[in-house]
>>> print(open('protein-v2.cif').read())   # mmCIF, C-alpha atoms and all ligand atoms
data_target
#
loop_
_atom_site.label_atom_id
_atom_site.label_comp_id
_atom_site.auth_asym_id
_atom_site.auth_seq_id
_atom_site.Cartn_x
_atom_site.Cartn_y
_atom_site.Cartn_z
CA MET A 1 98.98 72.74 115.91
CA PRO A 2 96.57 75.15 117.63
CA ASP A 3 97.17 76.57 121.08
CA THR A 4 95.20 75.00 123.91
CA VAL A 5 91.53 75.58 123.24
CA ALA A 6 89.64 77.36 125.97
CA PRO A 7 86.52 75.66 127.31
CA THR A 8 83.30 76.67 125.61
CA GLY A 9 80.93 79.15 127.17
CA PRO A 10 77.93 78.41 129.37
CA LEU A 11 75.32 76.12 127.89
CA ASN A 12 72.97 78.93 126.92
CA ARG A 13 75.75 80.84 125.16
CA PRO A 14 76.43 79.65 121.61
CA SER A 15 80.01 78.91 120.70
CA ILE A 16 81.06 79.90 117.20
CA LEU A 17 84.28 79.17 115.32
CA LEU A 18 85.26 81.83 112.79
CA THR A 19 87.70 81.56 109.92
CA GLY A 20 89.04 84.66 108.17
CA ALA A 21 88.46 86.65 111.36
CA THR A 22 91.29 89.10 110.65
CA GLY A 23 90.02 89.92 107.15
CA ASN A 24 87.75 92.73 105.96
CA LEU A 25 84.57 90.71 106.37
CA GLY A 26 85.73 88.61 109.32
CA ARG A 27 86.53 91.64 111.49
CA ALA A 28 82.96 92.88 111.04
CA VAL A 29 81.60 89.44 111.95
CA VAL A 30 83.73 89.30 115.12
CA ASP A 31 82.49 92.77 116.19
CA ARG A 32 78.86 91.73 115.81
CA LEU A 33 79.21 88.41 117.63
CA VAL A 34 81.10 89.99 120.53
CA GLU A 35 78.29 92.59 120.82
CA ARG A 36 75.80 89.69 120.99
CA ASP A 37 77.80 88.09 123.84
CA VAL A 38 78.45 84.98 121.79
CA HIS A 39 81.44 82.81 122.68
CA VAL A 40 83.79 83.51 119.74
CA ARG A 41 86.75 81.35 118.80
CA CYS A 42 88.85 82.41 115.82
CA LEU A 43 91.33 80.24 113.91
CA VAL A 44 94.11 82.66 112.95
CA ARG A 45 97.60 82.42 111.48
CA GLY A 46 99.01 85.42 113.31
CA ARG A 47 98.89 86.64 116.90
CA PRO A 48 96.17 89.32 117.12
CA ALA A 49 96.04 91.53 120.22
CA PRO A 50 94.01 89.99 123.05
CA ARG A 51 90.35 90.98 122.89
CA PRO A 52 87.72 90.37 125.60
CA GLY A 53 85.21 87.77 124.46
CA VAL A 54 87.46 86.31 121.74
CA ASP A 55 89.68 83.22 121.87
CA TRP A 56 92.34 83.46 119.18
CA VAL A 57 93.40 79.93 118.29
CA ALA A 58 96.64 79.75 116.30
CA GLY A 59 96.37 77.57 113.23
CA ASP A 60 96.19 77.35 109.48
CA LEU A 61 92.87 76.81 107.77
CA THR A 62 94.47 74.36 105.34
CA ASP A 63 95.85 72.15 108.13
CA PRO A 64 93.23 69.53 109.11
CA ALA A 65 94.85 69.00 112.52
CA ASP A 66 94.60 72.71 113.29
CA VAL A 67 90.94 72.74 112.29
CA ARG A 68 90.24 69.58 114.33
CA GLY A 69 91.87 71.16 117.37
CA ALA A 70 89.66 74.24 117.11
CA LEU A 71 86.35 72.39 116.79
CA PRO A 72 85.59 70.85 120.24
CA GLY A 73 82.50 72.40 121.80
CA VAL A 74 81.68 74.50 118.76
CA ASP A 75 78.01 74.83 117.74
CA ALA A 76 78.54 76.56 114.41
CA VAL A 77 81.40 77.43 112.06
CA PHE A 78 81.69 80.40 109.75
CA LEU A 79 83.83 79.07 106.91
CA ILE A 80 85.58 81.03 104.20
CA TRP A 81 87.97 79.45 101.72
CA PRO A 82 90.40 82.20 100.68
CA LEU A 83 92.57 79.95 98.49
CA LEU A 84 92.72 79.48 94.73
CA ASP A 85 92.59 75.69 95.08
CA SER A 86 89.93 73.58 96.77
CA ALA A 87 92.15 70.44 96.96
CA PRO A 88 93.43 71.15 100.51
CA ALA A 89 89.80 71.53 101.62
CA HIS A 90 89.04 67.81 101.24
CA GLU A 91 90.72 66.81 104.52
CA VAL A 92 89.51 69.95 106.29
CA VAL A 93 85.91 69.23 105.30
CA LYS A 94 86.33 65.65 106.61
CA GLU A 95 87.19 67.15 110.00
CA LEU A 96 84.09 69.32 109.84
CA GLY A 97 82.02 66.30 108.86
CA ALA A 98 83.31 64.34 111.88
CA ALA A 99 82.56 67.16 114.34
CA ALA A 100 79.27 68.02 112.55
CA PRO A 101 78.77 71.63 113.65
CA ARG A 102 76.38 73.83 111.70
CA VAL A 103 78.37 75.40 108.85
CA VAL A 104 77.77 78.76 107.21
CA TYR A 105 79.88 79.03 104.05
CA LEU A 106 80.65 82.34 102.34
CA SER A 107 80.51 81.73 98.61
CA SER A 108 80.15 83.90 95.50
CA THR A 109 77.17 85.25 93.55
CA ALA A 110 79.27 84.77 90.41
CA ILE A 111 78.52 81.02 90.47
CA ASP A 112 76.47 79.96 87.45
CA ASP A 113 74.54 76.89 88.58
CA SER A 114 73.81 75.91 84.98
CA ALA A 115 77.46 75.91 83.85
CA PRO A 116 79.62 72.76 83.92
CA ARG A 117 82.70 74.92 84.68
CA GLN A 118 82.75 78.38 86.25
CA SER A 119 84.09 81.54 84.58
CA ASP A 120 87.37 81.69 86.48
CA PRO A 121 89.40 79.89 89.17
CA ILE A 122 88.06 82.00 92.04
CA VAL A 123 84.43 81.19 91.25
CA GLN A 124 85.31 77.55 90.52
CA VAL A 125 86.78 77.16 94.01
CA HIS A 126 83.54 78.41 95.58
CA ALA A 127 81.46 76.05 93.43
CA ASP A 128 83.77 73.16 94.42
CA MET A 129 83.53 74.08 98.11
CA GLU A 130 79.73 74.09 98.05
CA VAL A 131 79.75 70.58 96.55
CA LEU A 132 82.38 69.31 99.01
CA LEU A 133 80.43 70.56 102.02
CA ARG A 134 77.16 69.09 100.78
CA ASP A 135 78.80 65.77 99.88
CA ALA A 136 80.17 65.60 103.43
CA GLY A 137 76.57 65.68 104.67
CA LEU A 138 77.04 69.00 106.44
CA ARG A 139 73.94 70.72 104.95
CA PRO A 140 75.78 74.06 104.95
CA VAL A 141 73.94 77.36 104.86
CA VAL A 142 75.42 78.92 101.74
CA LEU A 143 75.68 82.70 101.57
CA ARG A 144 76.79 83.78 98.11
CA SER A 145 78.20 87.28 98.32
CA ASP A 146 78.55 89.80 95.53
CA THR A 147 81.75 91.89 95.29
CA LEU A 148 82.53 93.25 98.74
CA ALA A 149 82.72 97.05 99.02
CA SER A 150 85.84 96.63 101.17
CA ASN A 151 87.79 95.47 98.09
CA ALA A 152 88.03 99.23 97.39
CA ARG A 153 90.61 99.41 100.19
CA GLY A 154 93.03 98.02 97.58
CA TRP A 155 92.86 101.44 95.88
CA ALA A 156 94.07 103.40 98.90
CA ALA A 157 97.74 103.57 97.88
CA GLN A 158 96.89 104.82 94.38
CA LEU A 159 94.49 107.44 95.75
CA ARG A 160 97.04 108.75 98.22
CA ALA A 161 99.37 109.29 95.25
CA GLY A 162 96.86 110.90 92.87
CA ASP A 163 93.30 111.14 91.60
CA GLU A 164 93.31 108.04 89.41
CA VAL A 165 92.80 104.36 90.08
CA SER A 166 94.00 102.09 87.31
CA GLY A 167 93.37 98.39 87.06
CA PRO A 168 91.80 95.61 84.99
CA TYR A 169 88.38 95.74 83.42
CA VAL A 170 85.92 94.39 85.98
CA ALA A 171 82.37 93.60 84.96
CA ARG A 172 79.58 95.53 86.64
CA THR A 173 78.04 93.83 89.70
CA ALA A 174 75.88 94.82 92.67
CA VAL A 175 78.71 95.62 95.10
CA VAL A 176 77.67 94.85 98.67
CA ASP A 177 78.80 96.45 101.94
CA GLU A 178 80.77 93.88 103.96
CA ARG A 179 79.02 95.15 107.11
CA ASP A 180 75.68 94.10 105.62
CA VAL A 181 77.15 90.72 104.69
CA ALA A 182 78.47 90.41 108.26
CA ASP A 183 74.93 91.03 109.54
CA ALA A 184 73.68 88.24 107.27
CA VAL A 185 76.46 85.91 108.45
CA VAL A 186 75.51 86.56 112.08
CA ALA A 187 71.82 85.99 111.32
CA ALA A 188 72.71 82.66 109.72
CA LEU A 189 75.04 81.59 112.53
CA LEU A 190 72.52 82.47 115.25
CA ALA A 191 69.33 81.32 113.51
CA PRO A 192 66.92 80.07 116.21
CA ASN A 193 67.53 76.35 116.79
CA GLY A 194 69.82 76.44 113.77
CA HIS A 195 66.81 76.42 111.46
CA LEU A 196 67.52 78.30 108.26
CA ASN A 197 66.92 77.64 104.62
CA PRO A 198 70.28 76.32 103.35
CA GLY A 199 70.13 78.67 100.38
CA PRO A 200 72.04 79.65 98.41
CA HIS A 201 71.20 83.13 99.69
CA LEU A 202 72.37 85.69 97.13
CA LEU A 203 73.71 88.74 98.98
CA THR A 204 73.86 91.80 96.74
CA GLY A 205 74.03 95.54 97.14
CA PRO A 206 71.17 97.72 95.88
CA THR A 207 72.67 98.74 92.48
CA ALA A 208 74.96 97.23 89.87
CA LEU A 209 78.12 99.34 89.64
CA THR A 210 81.18 99.58 87.44
CA ARG A 211 84.58 100.26 88.98
CA ALA A 212 84.32 103.77 87.48
CA ASP A 213 80.99 104.26 89.33
CA GLN A 214 82.61 103.18 92.59
CA VAL A 215 85.64 105.43 92.15
CA ALA A 216 83.37 108.38 91.29
CA GLN A 217 81.30 107.77 94.45
CA LEU A 218 84.48 107.59 96.50
CA GLY A 219 85.49 110.91 94.88
CA ALA A 220 82.17 112.47 95.92
CA ALA A 221 82.82 111.39 99.51
CA LEU A 222 86.38 112.73 99.37
CA ARG A 223 85.38 115.87 97.40
CA ARG A 224 87.96 114.96 94.79
CA PRO A 225 87.51 114.39 91.02
CA LEU A 226 88.54 110.73 91.01
CA ARG A 227 88.48 108.49 87.94
CA TYR A 228 89.07 104.84 87.06
CA ARG A 229 91.31 103.95 84.12
CA THR A 230 90.82 100.49 82.65
CA LEU A 231 94.12 98.94 81.66
CA PRO A 232 94.68 96.32 78.96
CA ALA A 233 95.27 92.86 80.45
CA ALA A 234 99.08 92.97 80.14
CA SER A 235 99.35 96.36 81.88
CA ALA A 236 96.80 95.33 84.52
CA ARG A 237 98.86 92.22 85.23
CA ALA A 238 102.05 94.32 85.60
CA ARG A 239 100.26 96.83 87.82
CA MET A 240 98.89 94.13 90.18
CA LEU A 241 102.27 92.38 90.37
CA ALA A 242 103.94 95.74 91.13
CA ASP A 243 101.35 96.25 93.90
CA GLY A 244 102.79 93.09 95.48
CA ARG A 245 99.92 90.69 94.79
CA PRO A 246 100.89 87.00 94.48
CA ALA A 247 101.38 85.85 90.87
CA ALA A 248 98.73 83.09 91.04
CA LEU A 249 96.14 85.55 92.36
CA VAL A 250 97.04 88.04 89.61
CA GLU A 251 96.50 85.37 86.94
CA ALA A 252 93.14 84.45 88.49
CA LEU A 253 92.11 88.13 88.53
CA VAL A 254 93.18 88.62 84.90
CA THR A 255 91.14 85.56 83.91
CA ALA A 256 88.18 86.87 85.90
CA SER A 257 88.54 90.22 84.15
CA GLU A 258 88.41 88.53 80.76
CA ARG A 259 85.67 85.97 81.46
CA ARG A 260 83.40 86.98 84.32
CA PRO A 261 80.14 88.35 82.89
CA GLU A 262 78.34 91.52 83.90
CA SER A 263 75.61 91.05 86.49
CA HIS A 264 72.71 93.39 87.09
CA ARG A 265 71.14 90.98 89.56
CA VAL A 266 69.90 92.63 92.73
CA THR A 267 68.09 90.53 95.33
CA ASP A 268 66.30 91.07 98.63
CA HIS A 269 67.90 87.99 100.22
CA LEU A 270 70.11 90.09 102.48
CA GLU A 271 67.11 92.03 103.78
CA ARG A 272 65.23 88.78 104.35
CA LEU A 273 68.07 87.53 106.55
CA THR A 274 68.83 90.76 108.42
CA GLY A 275 65.53 92.66 108.38
CA ARG A 276 67.21 95.67 106.75
CA PRO A 277 67.88 96.53 103.11
CA ALA A 278 71.46 96.52 101.84
CA GLY A 279 73.14 99.94 101.97
CA PRO A 280 74.52 101.70 98.89
CA PHE A 281 78.23 101.95 98.05
CA SER A 282 77.98 105.75 98.57
CA ARG A 283 77.34 105.04 102.28
CA TRP A 284 80.42 102.81 102.46
CA ALA A 285 82.45 105.52 100.69
CA ALA A 286 81.30 108.23 103.11
CA ASP A 287 82.01 106.05 106.14
CA HIS A 288 85.50 105.05 104.93
CA ALA A 289 86.65 108.25 103.20
CA PRO A 290 89.36 109.01 105.81
CA GLU A 291 91.15 105.77 104.87
CA PHE A 292 91.84 107.18 101.40
CA ASP A 293 93.21 110.65 102.28
N1 LIG B 301 86.11 90.05 98.46
C1 LIG B 301 85.04 89.74 97.73
O1 LIG B 301 84.55 90.51 96.88
C2 LIG B 301 84.37 88.41 97.97
C3 LIG B 301 83.20 88.07 97.27
C4 LIG B 301 82.62 86.81 97.49
C5 LIG B 301 83.20 85.93 98.41
N2 LIG B 301 84.33 86.30 99.08
C6 LIG B 301 84.94 85.36 100.05
O2 LIG B 301 85.02 86.03 101.30
C7 LIG B 301 86.28 85.79 101.87
C8 LIG B 301 86.61 86.93 102.82
O3 LIG B 301 86.77 88.13 102.08
P1 LIG B 301 87.63 89.31 102.69
O4 LIG B 301 87.55 90.43 101.72
O5 LIG B 301 87.27 89.52 104.12
O6 LIG B 301 89.11 88.67 102.60
P2 LIG B 301 90.45 89.21 103.26
O7 LIG B 301 90.28 90.57 103.83
O8 LIG B 301 91.52 88.97 102.24
O9 LIG B 301 90.69 88.19 104.47
C9 LIG B 301 91.08 86.87 104.25
C10 LIG B 301 91.14 86.18 105.60
O10 LIG B 301 91.49 84.81 105.40
C11 LIG B 301 92.57 84.50 106.28
N3 LIG B 301 93.39 83.44 105.71
C12 LIG B 301 93.94 83.38 104.47
N4 LIG B 301 94.60 82.24 104.32
C13 LIG B 301 94.49 81.56 105.48
C14 LIG B 301 94.99 80.31 105.96
N5 LIG B 301 95.72 79.51 105.17
N6 LIG B 301 94.68 79.93 107.23
C15 LIG B 301 93.96 80.74 108.02
N7 LIG B 301 93.44 81.93 107.63
C16 LIG B 301 93.72 82.33 106.38
C17 LIG B 301 93.35 85.80 106.40
O11 LIG B 301 94.16 85.73 107.53
P3 LIG B 301 95.58 86.49 107.66
O12 LIG B 301 95.28 87.73 108.46
O13 LIG B 301 96.43 85.50 108.38
O14 LIG B 301 96.06 86.78 106.26
C18 LIG B 301 92.18 86.77 106.55
O15 LIG B 301 91.66 86.74 107.85
C19 LIG B 301 87.22 85.65 100.68
O16 LIG B 301 88.37 84.91 101.02
C20 LIG B 301 86.36 84.94 99.66
O17 LIG B 301 86.50 83.54 99.83
C21 LIG B 301 84.92 87.51 98.88
#
>>> encode(input="protein-v2.cif", output="structure tokens", more="lines below")
Ligand SMILES: NC(=O)c1ccc[n+]([C@@H]2O[C@H](COP(=O)([O-])OP(=O)(O)OC[C@H]3O[C@@H](n4cnc5c(N)ncnc54)[C@H](OP(=O)(O)O)[C@@H]3O)[C@@H](O)[C@H]2O)c1
Amino acid sequence: MPDTVAPTGPLNRPSILLTGATGNLGRAVVDRLVERDVHVRCLVRGRPAPRPGVDWVAGDLTDPADVRGALPGVDAVFLIWPLLDSAPAHEVVKELGAAAPRVVYLSSTAIDDSAPRQSDPIVQVHADMEVLLRDAGLRPVVLRSDTLASNARGWAAQLRAGDEVSGPYVARTAVVDERDVADAVVAALLAPNGHLNPGPHLLTGPTALTRADQVAQLGAALRRPLRYRTLPAASARARMLADGRPAALVEALVTASERRPESHRVTDHLERLTGRPAGPFSRWAADHAPEFD
């Protein structure tokens, strides 16, 4: 069960519940909302250090009672669903439906709206979540994100050991800076009077990139001749398991590697939400280079 929930802020100060607040994207969302003097409540599994302007509420996203306990007084919820199964979301979404806050859901650009089934379990979960939220009458604002630039942090250990990143084949997509996505999330959460086109808003970076392109751009920022080596599925599986990733996630990533199609789609939806164009991966690489040395 969550800790005691602090009272919400003054009437003119929106109160937002964040999920995934300790993650790569969530941390950037918290920073932006705190800067905007929004009352921020975060449902978290751990015990983050106290931070002015943030109420950390202990709870698990998959536990409906925890979610219910975090909802009183909340105007809007930023929802992620970081699991490989949407089944536990049914009861959680019922809680959201009962409290009826505005919901901004972070989904995936890899969804193919014309397909009866999605390419892989990760994309299928996002498609299922969108349907669940709509069926609950929540009219969620759906932000479909392309591959987050911050996924590159997963290469840090390999790049501290050498100049090569090895991993599965990953189809080219328009990798997007998580800070830009965070700006779009904040724009959606704080839309005047809650009025915003429900979307889906397709949030992409400015250029479709392969993993080799990304590693080369990281190398330029680090002034090192870095390269990406694509492994066959069996070796990629072994590599990801050795890196300590959970077996179910590894299987989902191997399936994604085999089935997810290339995408050259680049949109201006992010700019329409934030007023600024999406930044290139080279900017992300330059800003985060010290994390890889
Ligand atoms: N990465 C991408 O390329 C991409 C693309 C499209 C959409 N998305 C969506 O965006 C989400 C956020 O991405 P990210 O890169 O920021 O992920 P991330 O860094 O892995 O962060 C995941 C967050 O979810 C929290 N979490 C996981 N299980 C939880 C549970 N049972 N109860 C409460 N919190 C839980 C984690 O908390 P702990 O600190 O407790 O682990 C963490 O804060 C993804 O989960 C995915 O659904 C991602």
>>> residues_near_ligand(input="protein-v2.cif", ligand="ligand LIG 301 (chain B)", cutoff="7 Å", atoms="all atoms listed in the file", output="MDAnalysis selection string")
chainID A and resid 19:26 43:46 59:62 80:83 106:109 144:148 150:151
>>> atom_distance(input="protein-v2.cif", atom1="CA of Val67 (chain A)", atom2="CA of Glu95 (chain A)")
7.1 Å
>>> atom_distance(input="protein-v2.cif", atom1="CA of Ser263 (chain A)", atom2="CA of Ala238 (chain A)")
26.7 Å
>>> residues_around(input="protein-v2.cif", residues="Met240 (chain A)", least_positions_apart="6", cutoff="12 Å", atoms="only C-alpha atoms", output="mmCIF file with C-alpha atoms, in the frame of the given file")
data_model
loop_
_atom_site.group_PDB
_atom_site.id
_atom_site.type_symbol
_atom_site.label_atom_id
_atom_site.label_comp_id
_atom_site.auth_asym_id
_atom_site.auth_seq_id
_atom_site.Cartn_x
_atom_site.Cartn_y
_atom_site.Cartn_z
ATOM 1 C CA GLY A 154 93.030 98.020 97.580
ATOM 2 C CA TRP A 155 92.860 101.440 95.880
ATOM 3 C CA GLN A 158 96.890 104.820 94.380
ATOM 4 C CA VAL A 165 92.800 104.360 90.080
ATOM 5 C CA SER A 166 94.000 102.090 87.310
ATOM 6 C CA GLY A 167 93.370 98.390 87.060
ATOM 7 C CA PRO A 168 91.800 95.610 84.990
ATOM 8 C CA LEU A 231 94.120 98.940 81.660
ATOM 9 C CA ALA A 233 95.270 92.860 80.450
ATOM 10 C CA ALA A 234 99.080 92.970 80.140
ATOM 11 C CA PRO A 246 100.890 87.000 94.480
ATOM 12 C CA ALA A 247 101.380 85.850 90.870
ATOM 13 C CA ALA A 248 98.730 83.090 91.040
ATOM 14 C CA LEU A 249 96.140 85.550 92.360
ATOM 15 C CA VAL A 250 97.040 88.040 89.610
ATOM 16 C CA GLU A 251 96.500 85.370 86.940
ATOM 17 C CA ALA A 252 93.140 84.450 88.490
ATOM 18 C CA LEU A 253 92.110 88.130 88.530
ATOM 19 C CA VAL A 254 93.180 88.620 84.900
#
>>> closest_residue(input="protein-v2.cif", among="A:Ala174, A:Ala289, A:Val123, A:Val185", to="Leu159 (chain A)", atoms="all atoms listed in the file")
A:Ala289
>>> residues_around(input="protein-v2.cif", residues="Asn197 (chain A)", least_positions_apart="3", cutoff="10 Å", atoms="only C-alpha atoms", output="ChimeraX atom specification")
/A:139-142,188,191,194,200-201
>>> atom_distance(input="protein-v2.cif", atom1="CA of Arg265 (chain A)", atom2="CA of Glu178 (chain A)")
17.6 Å
>>> residues_around(input="protein-v2.cif", residues="Leu17 (chain A)", least_positions_apart="5", cutoff="9 Å", atoms="all atoms listed in the file", output="number ranges by chain")
A: 39-43, 70-71, 74-79
>>> closest_residue(input="protein-v2.cif", among="A:Leu18, A:Leu190, A:Val57, A:Val181", to="Arg276 (chain A)", atoms="all atoms listed in the file")
A:Val181
>>> closest_residue(input="protein-v2.cif", among="A:Ala110, A:Leu202, A:Ala286, A:Ala100", to="Arg223 (chain A)", atoms="all atoms listed in the file")
A:Ala286
>>> residues_near_point(input="protein-v2.cif", point="(87.5, 87.3, 121.8)", cutoff="10 Å", atoms="only C-alpha atoms", output="ChimeraX atom specification")
/A:30-31,33-34,37-42,49-56
>>> residues_around(input="protein-v2.cif", residues="region 208-218 of chain A", least_positions_apart="2", cutoff="7 Å", atoms="only C-alpha atoms", output="MDAnalysis selection string")
chainID A and resid 170:175 220:222 226:228 264 282 285
>>> write_last_selection(input="protein-v2.cif", atoms="C-alpha atoms", output="PDB file, in the frame of the given file")
ATOM      1  CA  VAL A 170      85.920  94.390  85.980  1.00  0.00           C
ATOM      2  CA  ALA A 171      82.370  93.600  84.960  1.00  0.00           C
ATOM      3  CA  ARG A 172      79.580  95.530  86.640  1.00  0.00           C
ATOM      4  CA  THR A 173      78.040  93.830  89.700  1.00  0.00           C
ATOM      5  CA  ALA A 174      75.880  94.820  92.670  1.00  0.00           C
ATOM      6  CA  VAL A 175      78.710  95.620  95.100  1.00  0.00           C
ATOM      7  CA  ALA A 220      82.170 112.470  95.920  1.00  0.00           C
ATOM      8  CA  ALA A 221      82.820 111.390  99.510  1.00  0.00           C
ATOM      9  CA  LEU A 222      86.380 112.730  99.370  1.00  0.00           C
ATOM     10  CA  LEU A 226      88.540 110.730  91.010  1.00  0.00           C
ATOM     11  CA  ARG A 227      88.480 108.490  87.940  1.00  0.00           C
ATOM     12  CA  TYR A 228      89.070 104.840  87.060  1.00  0.00           C
ATOM     13  CA  HIS A 264      72.710  93.390  87.090  1.00  0.00           C
ATOM     14  CA  SER A 282      77.980 105.750  98.570  1.00  0.00           C
ATOM     15  CA  ALA A 285      82.450 105.520 100.690  1.00  0.00           C
TER      16      ALA A 285
END
>>> residues_around(input="protein-v2.cif", residues="Arg117 (chain A)", least_positions_apart="6", cutoff="12 Å", atoms="all atoms listed in the file", output="compact mmCIF listing (two decimals) with C-alpha atoms, in the coordinates of the input")
# COMPACT_ATOMS: atom_id res chain seq x y z
CA ALA A 110 79.27 84.77 90.41
CA ILE A 111 78.52 81.02 90.47
CA VAL A 123 84.43 81.19 91.25
CA GLN A 124 85.31 77.55 90.52
CA VAL A 125 86.78 77.16 94.01
CA HIS A 126 83.54 78.41 95.58
CA ALA A 127 81.46 76.05 93.43
CA ASP A 128 83.77 73.16 94.42
CA ARG A 259 85.67 85.97 81.46
>>> closest_residue(input="protein-v2.cif", among="A:Ala187, A:Ala99, A:Ala157, A:Leu273", to="Phe292 (chain A)", atoms="only C-alpha atoms")
A:Ala157
